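Everything below concerns the one structure shown next.
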Amino acid sequence: MLKPREAAELCGVSVATLAVWARTGKLTPNVLTPGGHRRYRLADIRAFLQSTTTPKEADQEQLEVDAVRLYDQGWSIRQVADKFDYSYGTMRRILLKRTTLRRRRTA
């Protein structure tokens, strides 16, 4: 059983947000302790996270994976950015999150 702080960390939100979700029924605690504290099952938290992943997030994830694949195949950051209609700086930040960037060529 997870304490609210632990469940909130897994969800990437604050404990206050988790409490709001519990009060509104978005996420139901499995157990209330005798003192009235909420406890959550790890399996339920994982199921909740999977159910709340939006198609947009999944699309963004796939875009980032594809961008890294192209970069690793030798494409430049600018070429990858142009392919996905992103600015150079934004694509560089995406790639930095997911891979090690090559050194720039010098003359």
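Convention: chains lettered A, B, ... in structure tokens order; per-chain residue numbering from 1; ligands numbered from 1 as shown.
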Legend entry - Distance query segment 50-65 of chain A at most 12 Å, only C-alpha atoms, self and fewer than 5 positions along chain excluded, as number ranges by chain: A: 11, 26-27, 43-45, 70-72, 80-81, 83-86, 90-99
With C-alpha atoms retained, write the just-selected residues as a CSV table (one decimal), in the first residue's frame.
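Saved the output as part.csv:
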chain,number,residue,atom,x,y,z
A,11,CYS,CA,1.8,10.3,-10.8
A,26,LYS,CA,-11.0,10.6,-10.3
A,27,LEU,CA,-8.7,8.2,-8.2
A,43,ALA,CA,-1.4,-1.7,-9.4
A,44,ASP,CA,-4.3,0.8,-9.2
A,45,ILE,CA,-1.9,3.8,-9.6
A,70,LEU,CA,16.6,9.7,-37.4
A,71,TYR,CA,19.2,11.6,-35.5
A,72,ASP,CA,21.0,8.3,-34.6
A,80,VAL,CA,15.1,16.3,-38.1
A,81,ALA,CA,13.6,19.6,-37.0
A,83,LYS,CA,11.1,16.9,-41.0
A,84,PHE,CA,8.8,17.3,-38.0
A,85,ASP,CA,8.1,21.0,-38.5
A,86,TYR,CA,9.9,22.0,-35.2
A,90,THR,CA,13.0,22.8,-29.7
A,91,MET,CA,14.2,19.7,-31.5
A,92,ARG,CA,17.6,20.0,-29.8
A,93,ARG,CA,15.9,20.0,-26.4
A,94,ILE,CA,13.9,16.9,-27.4
A,95,LEU,CA,17.0,15.1,-28.5
A,96,LEU,CA,19.0,16.1,-25.5
A,97,LYS,CA,16.3,14.5,-23.3
A,98,ARG,CA,16.6,11.2,-25.1
A,99,THR,CA,20.1,10.8,-26.5
What residues in segment 4-66 of chain A get the DSSP label strand (DSSP E or B)? Please answer as a PDB file with N, CA and C atoms, in the first residue's frame.
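Contents of the output file states_36.pdb:
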ATOM      1  N   VAL A  31      -7.826   1.943   0.702  1.00  0.00           N
ATOM      2  CA  VAL A  31      -7.993   1.748   2.136  1.00  0.00           C
ATOM      3  C   VAL A  31      -7.985   3.107   2.812  1.00  0.00           C
ATOM      4  N   LEU A  32      -8.821   3.235   3.816  1.00  0.00           N
ATOM      5  CA  LEU A  32      -8.727   4.366   4.729  1.00  0.00           C
ATOM      6  C   LEU A  32      -8.259   3.802   6.059  1.00  0.00           C
ATOM      7  N   ARG A  38      -5.540   8.062   3.545  1.00  0.00           N
ATOM      8  CA  ARG A  38      -5.741   7.270   2.329  1.00  0.00           C
ATOM      9  C   ARG A  38      -4.509   6.424   2.025  1.00  0.00           C
ATOM     10  N   ARG A  39      -4.754   5.232   1.479  1.00  0.00           N
ATOM     11  CA  ARG A  39      -3.684   4.362   0.990  1.00  0.00           C
ATOM     12  C   ARG A  39      -4.087   3.848  -0.377  1.00  0.00           C
ATOM     13  N   TYR A  40      -3.101   3.708  -1.249  1.00  0.00           N
ATOM     14  CA  TYR A  40      -3.358   3.323  -2.642  1.00  0.00           C
ATOM     15  C   TYR A  40      -2.560   2.083  -2.988  1.00  0.00           C
TER      16      TYR A  40
END
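Nearest to Leu10 of chain A of all the residues A:Tyr88, A:Gly35, A:Gln79, A:Arg41 is A:Arg41, counting only C-alpha atoms.
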Legend entry - Residue neighbourhood segment 12-19 of chain A, 10 Å, only C-alpha atoms, exclusion window fewer than 5 positions, as a ChimeraX atom specification: /A:3-7,24-29,38,49
Just-selected residues, N, CA and C atoms written as a PDB file, in the first residue's frame:
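Done, and the output landed in part06.pdb:
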ATOM      1  N   LYS A   3       1.494   5.332   0.471  1.00  0.00           N
ATOM      2  CA  LYS A   3       1.033   6.544   1.144  1.00  0.00           C
ATOM      3  C   LYS A   3       0.770   7.591   0.062  1.00  0.00           C
ATOM      4  N   PRO A   4      -0.024   8.609   0.374  1.00  0.00           N
ATOM      5  CA  PRO A   4      -0.311   9.642  -0.631  1.00  0.00           C
ATOM      6  C   PRO A   4       0.939  10.275  -1.237  1.00  0.00           C
ATOM      7  N   ARG A   5       1.947  10.519  -0.418  1.00  0.00           N
ATOM      8  CA  ARG A   5       3.175  11.124  -0.945  1.00  0.00           C
ATOM      9  C   ARG A   5       3.810  10.220  -1.996  1.00  0.00           C
ATOM     10  N   GLU A   6       3.853   8.926  -1.729  1.00  0.00           N
ATOM     11  CA  GLU A   6       4.451   7.979  -2.667  1.00  0.00           C
ATOM     12  C   GLU A   6       3.629   7.876  -3.955  1.00  0.00           C
ATOM     13  N   ALA A   7       2.310   7.840  -3.802  1.00  0.00           N
ATOM     14  CA  ALA A   7       1.428   7.779  -4.972  1.00  0.00           C
ATOM     15  C   ALA A   7       1.549   9.051  -5.808  1.00  0.00           C
ATOM     16  N   THR A  24     -12.756  14.032  -5.663  1.00  0.00           N
ATOM     17  CA  THR A  24     -13.646  14.135  -6.828  1.00  0.00           C
ATOM     18  C   THR A  24     -13.945  12.791  -7.471  1.00  0.00           C
ATOM     19  N   GLY A  25     -13.289  11.724  -6.983  1.00  0.00           N
ATOM     20  CA  GLY A  25     -13.552  10.393  -7.510  1.00  0.00           C
ATOM     21  C   GLY A  25     -12.728  10.010  -8.719  1.00  0.00           C
ATOM     22  N   LYS A  26     -11.810  10.859  -9.111  1.00  0.00           N
ATOM     23  CA  LYS A  26     -10.954  10.553 -10.256  1.00  0.00           C
ATOM     24  C   LYS A  26     -10.019   9.377  -9.943  1.00  0.00           C
ATOM     25  N   LEU A  27      -9.574   9.297  -8.700  1.00  0.00           N
ATOM     26  CA  LEU A  27      -8.714   8.215  -8.230  1.00  0.00           C
ATOM     27  C   LEU A  27      -9.202   7.817  -6.846  1.00  0.00           C
ATOM     28  N   THR A  28      -9.581   6.583  -6.683  1.00  0.00           N
ATOM     29  CA  THR A  28     -10.158   6.131  -5.422  1.00  0.00           C
ATOM     30  C   THR A  28      -9.113   5.421  -4.573  1.00  0.00           C
ATOM     31  N   PRO A  29      -8.955   5.862  -3.306  1.00  0.00           N
ATOM     32  CA  PRO A  29      -8.040   5.137  -2.424  1.00  0.00           C
ATOM     33  C   PRO A  29      -8.623   3.772  -2.089  1.00  0.00           C
ATOM     34  N   ARG A  38      -5.540   8.062   3.545  1.00  0.00           N
ATOM     35  CA  ARG A  38      -5.741   7.270   2.329  1.00  0.00           C
ATOM     36  C   ARG A  38      -4.509   6.424   2.025  1.00  0.00           C
ATOM     37  N   LEU A  49      -2.628   5.652 -14.321  1.00  0.00           N
ATOM     38  CA  LEU A  49      -1.704   6.381 -15.197  1.00  0.00           C
ATOM     39  C   LEU A  49      -1.860   5.948 -16.651  1.00  0.00           C
TER      40      LEU A  49
END
